[in-house]
>>> print(open('run_33.pdb').read())   # PDB, C-alpha atoms, pLDDT in the B column
ATOM      1  CA  MET A  10     -76.511 -36.677  57.963  1.00 73.00           C
ATOM      2  CA  ASN A  11     -79.962 -35.384  57.193  1.00 86.00           C
ATOM      3  CA  LYS A  12     -83.036 -37.601  57.347  1.00 89.00           C
ATOM      4  CA  GLU A  13     -83.790 -37.175  53.640  1.00 90.00           C
ATOM      5  CA  LEU A  14     -80.398 -38.595  52.638  1.00 92.00           C
ATOM      6  CA  ALA A  15     -80.756 -41.431  55.155  1.00 90.00           C
ATOM      7  CA  GLY A  16     -84.150 -42.277  53.656  1.00 93.00           C
ATOM      8  CA  GLN A  17     -82.728 -42.235  50.136  1.00 94.00           C
ATOM      9  CA  ILE A  18     -79.895 -44.569  51.150  1.00 95.00           C
ATOM     10  CA  HIS A  19     -82.202 -47.016  52.916  1.00 94.00           C
ATOM     11  CA  GLY A  20     -84.560 -46.988  49.919  1.00 94.00           C
ATOM     12  CA  LEU A  21     -81.887 -48.119  47.454  1.00 93.00           C
ATOM     13  CA  SER A  22     -82.070 -51.595  45.967  1.00 91.00           C
ATOM     14  CA  ASP A  23     -79.018 -53.792  46.518  1.00 89.00           C
ATOM     15  CA  ALA A  24     -77.724 -53.109  43.001  1.00 87.00           C
ATOM     16  CA  ASP A  25     -78.320 -49.359  43.302  1.00 89.00           C
ATOM     17  CA  ALA A  26     -76.595 -49.226  46.703  1.00 91.00           C
ATOM     18  CA  ILE A  27     -73.520 -50.983  45.310  1.00 87.00           C
ATOM     19  CA  ALA A  28     -73.512 -48.706  42.257  1.00 86.00           C
ATOM     20  CA  ALA A  29     -73.840 -45.604  44.494  1.00 89.00           C
ATOM     21  CA  LEU A  30     -70.958 -46.747  46.702  1.00 87.00           C
ATOM     22  CA  THR A  31     -68.841 -47.379  43.613  1.00 83.00           C
ATOM     23  CA  LEU A  32     -69.683 -43.893  42.341  1.00 83.00           C
ATOM     24  CA  VAL A  33     -68.734 -42.305  45.679  1.00 84.00           C
ATOM     25  CA  LEU A  34     -65.334 -43.945  45.400  1.00 81.00           C
ATOM     26  CA  ASP A  35     -65.011 -42.852  41.765  1.00 79.00           C
ATOM     27  CA  LEU A  36     -65.878 -39.266  42.722  1.00 75.00           C
ATOM     28  CA  GLU A  37     -63.521 -39.229  45.698  1.00 75.00           C
ATOM     29  CA  GLU A  38     -60.231 -37.799  44.512  1.00 61.00           C
ATOM     30  CA  GLY A  39     -57.385 -40.280  44.418  1.00 56.00           C
ATOM     31  CA  THR A  40     -59.521 -43.387  44.836  1.00 58.00           C
ATOM     32  CA  ALA A  41     -59.391 -45.891  42.018  1.00 56.00           C
ATOM     33  CA  ALA A  42     -61.192 -49.216  42.179  1.00 59.00           C
ATOM     34  CA  ASP A  43     -59.081 -52.023  40.710  1.00 69.00           C
ATOM     35  CA  LEU A  44     -61.439 -55.002  40.427  1.00 70.00           C
ATOM     36  CA  ALA A  45     -58.697 -57.642  40.750  1.00 76.00           C
ATOM     37  CA  GLU A  46     -57.296 -55.981  43.889  1.00 80.00           C
ATOM     38  CA  LEU A  47     -60.766 -55.635  45.420  1.00 78.00           C
ATOM     39  CA  GLN A  48     -61.511 -59.309  44.750  1.00 80.00           C
ATOM     40  CA  ALA A  49     -58.170 -60.315  46.309  1.00 83.00           C
ATOM     41  CA  ASP A  50     -58.946 -58.286  49.444  1.00 84.00           C
ATOM     42  CA  GLN A  51     -62.426 -59.782  49.595  1.00 83.00           C
ATOM     43  CA  ALA A  52     -60.963 -63.296  49.346  1.00 86.00           C
ATOM     44  CA  ARG A  53     -58.767 -62.535  52.390  1.00 86.00           C
ATOM     45  CA  LEU A  54     -61.687 -61.500  54.597  1.00 84.00           C
ATOM     46  CA  PRO A  55     -62.652 -64.990  55.904  1.00 85.00           C
ATOM     47  CA  GLU A  56     -59.088 -65.637  57.097  1.00 85.00           C
ATOM     48  CA  ALA A  57     -58.870 -62.128  58.544  1.00 82.00           C
ATOM     49  CA  PHE A  58     -62.055 -62.568  60.546  1.00 79.00           C
ATOM     50  CA  ALA A  59     -60.892 -65.992  61.765  1.00 80.00           C
ATOM     51  CA  THR A  60     -57.634 -64.523  63.104  1.00 78.00           C
ATOM     52  CA  THR A  61     -59.096 -61.344  64.628  1.00 73.00           C
ATOM     53  CA  PRO A  62     -60.433 -62.268  68.071  1.00 67.00           C
ATOM     54  CA  ASP A  63     -61.373 -58.813  69.368  1.00 67.00           C
ATOM     55  CA  LEU A  64     -64.349 -58.062  67.106  1.00 69.00           C
ATOM     56  CA  GLY A  65     -66.810 -59.683  69.505  1.00 71.00           C
ATOM     57  CA  GLU A  66     -66.888 -56.572  71.672  1.00 70.00           C
ATOM     58  CA  VAL A  67     -67.981 -54.491  68.692  1.00 71.00           C
ATOM     59  CA  ALA A  68     -70.198 -56.746  66.616  1.00 75.00           C
ATOM     60  CA  ALA A  69     -71.579 -60.198  66.170  1.00 77.00           C
ATOM     61  CA  PRO A  70     -71.796 -61.721  62.704  1.00 79.00           C
ATOM     62  CA  GLU A  71     -75.005 -60.523  61.084  1.00 83.00           C
ATOM     63  CA  SER A  72     -76.275 -63.545  59.205  1.00 83.00           C
ATOM     64  CA  GLY A  73     -78.668 -62.836  56.395  1.00 85.00           C
ATOM     65  CA  ALA A  74     -77.068 -59.516  55.444  1.00 86.00           C
ATOM     66  CA  THR A  75     -76.693 -58.953  51.717  1.00 89.00           C
ATOM     67  CA  ASN A  76     -74.008 -57.156  49.763  1.00 88.00           C
ATOM     68  CA  GLY A  77     -76.574 -54.391  49.293  1.00 91.00           C
ATOM     69  CA  ASP A  78     -77.073 -54.158  53.073  1.00 93.00           C
ATOM     70  CA  LEU A  79     -73.325 -53.800  53.406  1.00 91.00           C
ATOM     71  CA  ALA A  80     -73.184 -51.106  50.712  1.00 91.00           C
ATOM     72  CA  ARG A  81     -76.074 -49.189  52.346  1.00 94.00           C
ATOM     73  CA  ALA A  82     -74.320 -49.364  55.737  1.00 91.00           C
ATOM     74  CA  ALA A  83     -71.125 -48.017  54.160  1.00 91.00           C
ATOM     75  CA  LEU A  84     -73.053 -45.194  52.475  1.00 94.00           C
ATOM     76  CA  VAL A  85     -74.606 -44.245  55.838  1.00 93.00           C
ATOM     77  CA  TYR A  86     -71.155 -44.292  57.435  1.00 89.00           C
ATOM     78  CA  LEU A  87     -69.667 -42.130  54.672  1.00 90.00           C
ATOM     79  CA  ALA A  88     -72.650 -39.754  54.753  1.00 92.00           C
ATOM     80  CA  GLU A  89     -71.957 -39.041  58.428  1.00 89.00           C
ATOM     81  CA  ASP A  90     -68.534 -37.622  57.508  1.00 86.00           C
ATOM     82  CA  GLU A  91     -68.536 -34.013  56.271  1.00 86.00           C
ATOM     83  CA  ALA A  92     -65.737 -34.812  53.816  1.00 83.00           C
ATOM     84  CA  THR A  93     -67.788 -37.420  51.927  1.00 87.00           C
ATOM     85  CA  SER A  94     -71.404 -36.522  52.718  1.00 90.00           C
ATOM     86  CA  GLN A  95     -71.858 -34.443  49.551  1.00 92.00           C
ATOM     87  CA  LEU A  96     -70.377 -37.228  47.412  1.00 90.00           C
ATOM     88  CA  VAL A  97     -72.833 -39.722  48.926  1.00 93.00           C
ATOM     89  CA  SER A  98     -75.744 -37.367  48.278  1.00 94.00           C
ATOM     90  CA  GLN A  99     -74.621 -36.906  44.676  1.00 90.00           C
ATOM     91  CA  ALA A 100     -74.146 -40.648  44.114  1.00 90.00           C
ATOM     92  CA  VAL A 101     -77.459 -41.635  45.695  1.00 92.00           C
ATOM     93  CA  SER A 102     -79.332 -39.077  43.585  1.00 89.00           C
ATOM     94  CA  ARG A 103     -77.776 -40.134  40.290  1.00 82.00           C
ATOM     95  CA  PRO A 104     -80.009 -42.597  38.423  1.00 71.00           C
ATOM     96  CA  ARG A 105     -78.549 -45.847  37.183  1.00 66.00           C
ATOM     97  CA  ARG A 106     -79.191 -46.921  33.629  1.00 60.00           C
ATOM     98  CA  PRO A 107     -81.708 -49.791  33.397  1.00 54.00           C
ATOM     99  CA  GLY A 108     -79.929 -53.119  33.046  1.00 52.00           C
ATOM    100  CA  GLN A 109     -76.556 -51.634  33.997  1.00 52.00           C
ATOM    101  CA  ARG A 110     -74.501 -54.339  35.714  1.00 51.00           C
ATOM    102  CA  ASP A 111     -71.523 -53.250  37.707  1.00 57.00           C
ATOM    103  CA  PRO A 112     -68.626 -55.727  37.875  1.00 50.00           C
ATOM    104  CA  LEU A 113     -67.846 -54.412  41.375  1.00 53.00           C
ATOM    105  CA  THR A 114     -70.982 -56.236  42.546  1.00 57.00           C
ATOM    106  CA  PHE A 115     -68.700 -59.252  42.750  1.00 62.00           C
ATOM    107  CA  ALA A 116     -66.197 -57.517  45.038  1.00 72.00           C
ATOM    108  CA  VAL A 117     -68.335 -55.670  47.573  1.00 78.00           C
ATOM    109  CA  GLY A 118     -66.173 -56.791  50.501  1.00 78.00           C
ATOM    110  CA  GLY A 119     -63.105 -55.293  48.842  1.00 75.00           C
ATOM    111  CA  LEU A 120     -65.098 -52.204  47.913  1.00 76.00           C
ATOM    112  CA  ILE A 121     -66.009 -51.702  51.581  1.00 77.00           C
ATOM    113  CA  LEU A 122     -62.349 -51.959  52.582  1.00 76.00           C
ATOM    114  CA  LEU A 123     -61.513 -49.316  49.986  1.00 74.00           C
ATOM    115  CA  ALA A 124     -64.321 -47.047  51.155  1.00 76.00           C
ATOM    116  CA  LEU A 125     -63.200 -47.291  54.782  1.00 74.00           C
ATOM    117  CA  LYS A 126     -59.473 -47.298  54.021  1.00 73.00           C
ATOM    118  CA  SER A 127     -58.631 -44.840  56.794  1.00 68.00           C
ATOM    119  CA  ASP A 128     -60.552 -46.777  59.465  1.00 72.00           C
ATOM    120  CA  VAL A 129     -60.524 -50.478  58.530  1.00 73.00           C
ATOM    121  CA  GLN A 130     -57.641 -52.503  57.119  1.00 73.00           C
ATOM    122  CA  LEU A 131     -56.498 -56.000  56.309  1.00 75.00           C
ATOM    123  CA  LYS A 132     -52.940 -56.694  57.374  1.00 80.00           C
ATOM    124  CA  ARG A 133     -50.580 -59.643  57.371  1.00 82.00           C
ATOM    125  CA  THR A 134     -49.467 -60.978  60.735  1.00 79.00           C
ATOM    126  CA  ALA A 135     -45.899 -62.078  61.483  1.00 83.00           C
ATOM    127  CA  SER A 136     -46.989 -65.670  60.802  1.00 87.00           C
ATOM    128  CA  GLY A 137     -48.216 -64.704  57.320  1.00 86.00           C
ATOM    129  CA  LYS A 138     -51.926 -64.911  58.109  1.00 85.00           C
ATOM    130  CA  TRP A 139     -54.360 -62.120  57.312  1.00 83.00           C
ATOM    131  CA  SER A 140     -55.973 -60.193  60.147  1.00 78.00           C
ATOM    132  CA  PHE A 141     -58.433 -57.380  60.395  1.00 68.00           C
ATOM    133  CA  SER A 142     -57.843 -54.082  62.180  1.00 73.00           C
ATOM    134  CA  TYR A 143     -59.815 -50.931  62.710  1.00 71.00           C
ATOM    135  CA  ARG A 144     -58.558 -47.563  63.832  1.00 67.00           C
ATOM    136  CA  LEU A 145     -61.628 -46.225  65.577  1.00 59.00           C
ATOM    137  CA  LYS A 146     -63.197 -47.754  68.664  1.00 56.00           C
ATOM    138  CA  PRO A 147     -66.705 -48.421  67.340  1.00 55.00           C
ATOM    139  CA  THR A 148     -69.630 -49.351  69.526  1.00 56.00           C
ATOM    140  CA  LYS A 149     -72.252 -51.957  68.681  1.00 54.00           C
ATOM    141  CA  ASP A 150     -74.764 -49.261  67.716  1.00 62.00           C
ATOM    142  CA  SER A 151     -72.359 -47.182  65.602  1.00 77.00           C
ATOM    143  CA  ALA A 152     -72.347 -47.063  61.816  1.00 81.00           C
ATOM    144  CA  LEU A 153     -68.905 -48.699  61.774  1.00 79.00           C
ATOM    145  CA  GLY A 154     -70.139 -51.413  64.146  1.00 78.00           C
ATOM    146  CA  SER A 155     -73.000 -52.089  61.734  1.00 83.00           C
ATOM    147  CA  ILE A 156     -70.579 -52.431  58.831  1.00 83.00           C
ATOM    148  CA  LEU A 157     -68.326 -54.793  60.793  1.00 80.00           C
ATOM    149  CA  ALA A 158     -71.333 -56.954  61.734  1.00 83.00           C
ATOM    150  CA  LYS A 159     -72.389 -57.219  58.087  1.00 86.00           C
ATOM    151  CA  LEU A 160     -68.838 -57.864  56.840  1.00 84.00           C
ATOM    152  CA  TRP A 161     -68.366 -60.537  59.485  1.00 83.00           C
ATOM    153  CA  GLY A 162     -71.706 -62.104  58.634  1.00 84.00           C
ATOM    154  CA  LEU A 163     -71.009 -62.192  54.910  1.00 84.00           C
ATOM    155  CA  TYR A 164     -67.335 -63.114  54.929  1.00 81.00           C
ATOM    156  CA  GLY A 165     -66.365 -64.397  58.340  1.00 79.00           C
ATOM    157  CA  GLY A 166     -68.840 -66.610  60.008  1.00 64.00           C
ATOM    158  CA  GLY A 167     -72.414 -65.418  59.733  1.00 50.00           C
ATOM    159  CA  HIS A 168     -73.395 -68.131  57.296  1.00 42.00           C
ATOM    160  CA  GLY A 169     -72.768 -71.685  58.127  1.00 38.00           C
TER     161      GLY A 169
END
>>> encode(input="run_33.pdb", output="structure tokens")
Amino acid sequence: MNKELAGQIHGLSDADAIAALTLVLDLEEGTAADLAELQADQARLPEAFATTPDLGEVAAPESGATNGDLARAALVYLAEDEATSQLVSQAVSRPRRPGQRDPLTFAVGGLILLALKSDVQLKRTASGKWSFSYRLKPTKDSALGSILAKLWGLYGGGHG
């Protein structure tokens, strides 16, 4: 990812970051954001984090992170991938209409799961509980590690 794009991403307001992430997913072929499904996935995150003991080696809950911080971290992660970098650049550069309110603001956790669908997943355990899994082995200083820390902070234990 080039420094200019990184600067643009980090300069986005929370609302603009969420809108840009939503647009990336809209532009990505075959990705449709169903608000009810995203909200259901987001509602499962606290249980998933509570039943996933191995995240401590990758991240600690980042308390104080906002949904916008999470969206910016996801945009950085997606911008590092050649397949989605151009979509991120396009979405970040597209101005948002003043006063535009995106209903996906209320489902950012689910939106993140959709954006990282090939690397991060919620799954049901044999006992019927939700757990969290990730395909890659992220490190604490990786973009995916940053996302996991923010997700965990917002939905799993960083506030309280």
>>> resolve_selection(input="run_33.pdb", expression="the PyMOL selection byres ((chain A and resi 85) around 9)", output="list in words")
Met10, Leu14, Ala15, Ile18, His19, Ala80, Arg81, Ala82, Ala83, Leu84, Tyr86, Leu87, Ala88, Glu89, Ser94, Val97 and Ala152 of chain A
>>> write_last_selection(input="run_33.pdb", atoms="C-alpha atoms", output="compact mmCIF listing (two decimals), in the frame of the given file")
# COMPACT_ATOMS: atom_id res chain seq x y z
CA MET A 10 -76.51 -36.68 57.96
CA LEU A 14 -80.40 -38.60 52.64
CA ALA A 15 -80.76 -41.43 55.16
CA ILE A 18 -79.90 -44.57 51.15
CA HIS A 19 -82.20 -47.02 52.92
CA ALA A 80 -73.18 -51.11 50.71
CA ARG A 81 -76.07 -49.19 52.35
CA ALA A 82 -74.32 -49.36 55.74
CA ALA A 83 -71.12 -48.02 54.16
CA LEU A 84 -73.05 -45.19 52.48
CA TYR A 86 -71.16 -44.29 57.44
CA LEU A 87 -69.67 -42.13 54.67
CA ALA A 88 -72.65 -39.75 54.75
CA GLU A 89 -71.96 -39.04 58.43
CA SER A 94 -71.40 -36.52 52.72
CA VAL A 97 -72.83 -39.72 48.93
CA ALA A 152 -72.35 -47.06 61.82
>>> atom_distance(input="run_33.pdb", atom1="atom CA of Glu71 of chain A", atom2="atom CA of Ala158 of chain A")
5.2 Å
>>> residues_near_point(input="run_33.pdb", point="(-83.1, -51.3, 48.6)", cutoff="12 Å", atoms="all atoms listed in the file", output="PDB file with C-alpha atoms, in the frame of the given file")
ATOM      1  CA  GLY A  16     -84.150 -42.277  53.656  1.00 93.00           C
ATOM      2  CA  GLN A  17     -82.728 -42.235  50.136  1.00 94.00           C
ATOM      3  CA  ILE A  18     -79.895 -44.569  51.150  1.00 95.00           C
ATOM      4  CA  HIS A  19     -82.202 -47.016  52.916  1.00 94.00           C
ATOM      5  CA  GLY A  20     -84.560 -46.988  49.919  1.00 94.00           C
ATOM      6  CA  LEU A  21     -81.887 -48.119  47.454  1.00 93.00           C
ATOM      7  CA  SER A  22     -82.070 -51.595  45.967  1.00 91.00           C
ATOM      8  CA  ASP A  23     -79.018 -53.792  46.518  1.00 89.00           C
ATOM      9  CA  ALA A  24     -77.724 -53.109  43.001  1.00 87.00           C
ATOM     10  CA  ASP A  25     -78.320 -49.359  43.302  1.00 89.00           C
ATOM     11  CA  ALA A  26     -76.595 -49.226  46.703  1.00 91.00           C
ATOM     12  CA  ILE A  27     -73.520 -50.983  45.310  1.00 87.00           C
ATOM     13  CA  ALA A  28     -73.512 -48.706  42.257  1.00 86.00           C
ATOM     14  CA  ALA A  29     -73.840 -45.604  44.494  1.00 89.00           C
ATOM     15  CA  THR A  75     -76.693 -58.953  51.717  1.00 89.00           C
ATOM     16  CA  ASN A  76     -74.008 -57.156  49.763  1.00 88.00           C
ATOM     17  CA  GLY A  77     -76.574 -54.391  49.293  1.00 91.00           C
ATOM     18  CA  ASP A  78     -77.073 -54.158  53.073  1.00 93.00           C
ATOM     19  CA  LEU A  79     -73.325 -53.800  53.406  1.00 91.00           C
ATOM     20  CA  ALA A  80     -73.184 -51.106  50.712  1.00 91.00           C
ATOM     21  CA  ARG A  81     -76.074 -49.189  52.346  1.00 94.00           C
ATOM     22  CA  ALA A  82     -74.320 -49.364  55.737  1.00 91.00           C
ATOM     23  CA  VAL A 101     -77.459 -41.635  45.695  1.00 92.00           C
TER      24      VAL A 101
END
>>> residues_around(input="run_33.pdb", residues="Leu125 of chain A", least_positions_apart="2", cutoff="10 Å", atoms="only C-alpha atoms", output="list in words")
Ala83, Tyr86, Leu87, Gly119, Leu120, Ile121, Leu122, Leu123, Ser127, Asp128, Val129, Gln130, Tyr143, Leu153 and Ile156 of chain A
>>> resolve_selection(input="run_33.pdb", expression="the PyMOL selection byres ((chain A and resi 133) around 12)", output="list in words")
Asp50, Arg53, Leu54, Glu56, Ala57, Thr60, Thr61, Gln130, Leu131, Lys132, Thr134, Ala135, Ser136, Gly137, Lys138, Trp139, Ser140, Phe141 and Ser142 of chain A
>>> atom_distance(input="run_33.pdb", atom1="atom CA of Ala49 of chain A", atom2="atom CA of Trp161 of chain A")
16.7 Å
>>> atom_distance(input="run_33.pdb", atom1="atom CA of Ala69 of chain A", atom2="atom CA of Ala52 of chain A")
20.1 Å
>>> resolve_selection(input="run_33.pdb", expression="the PyMOL selection byres ((chain A and resi 163) around 9)", output="number ranges by chain")
A: 55, 70-76, 79, 118, 158-162, 164-168
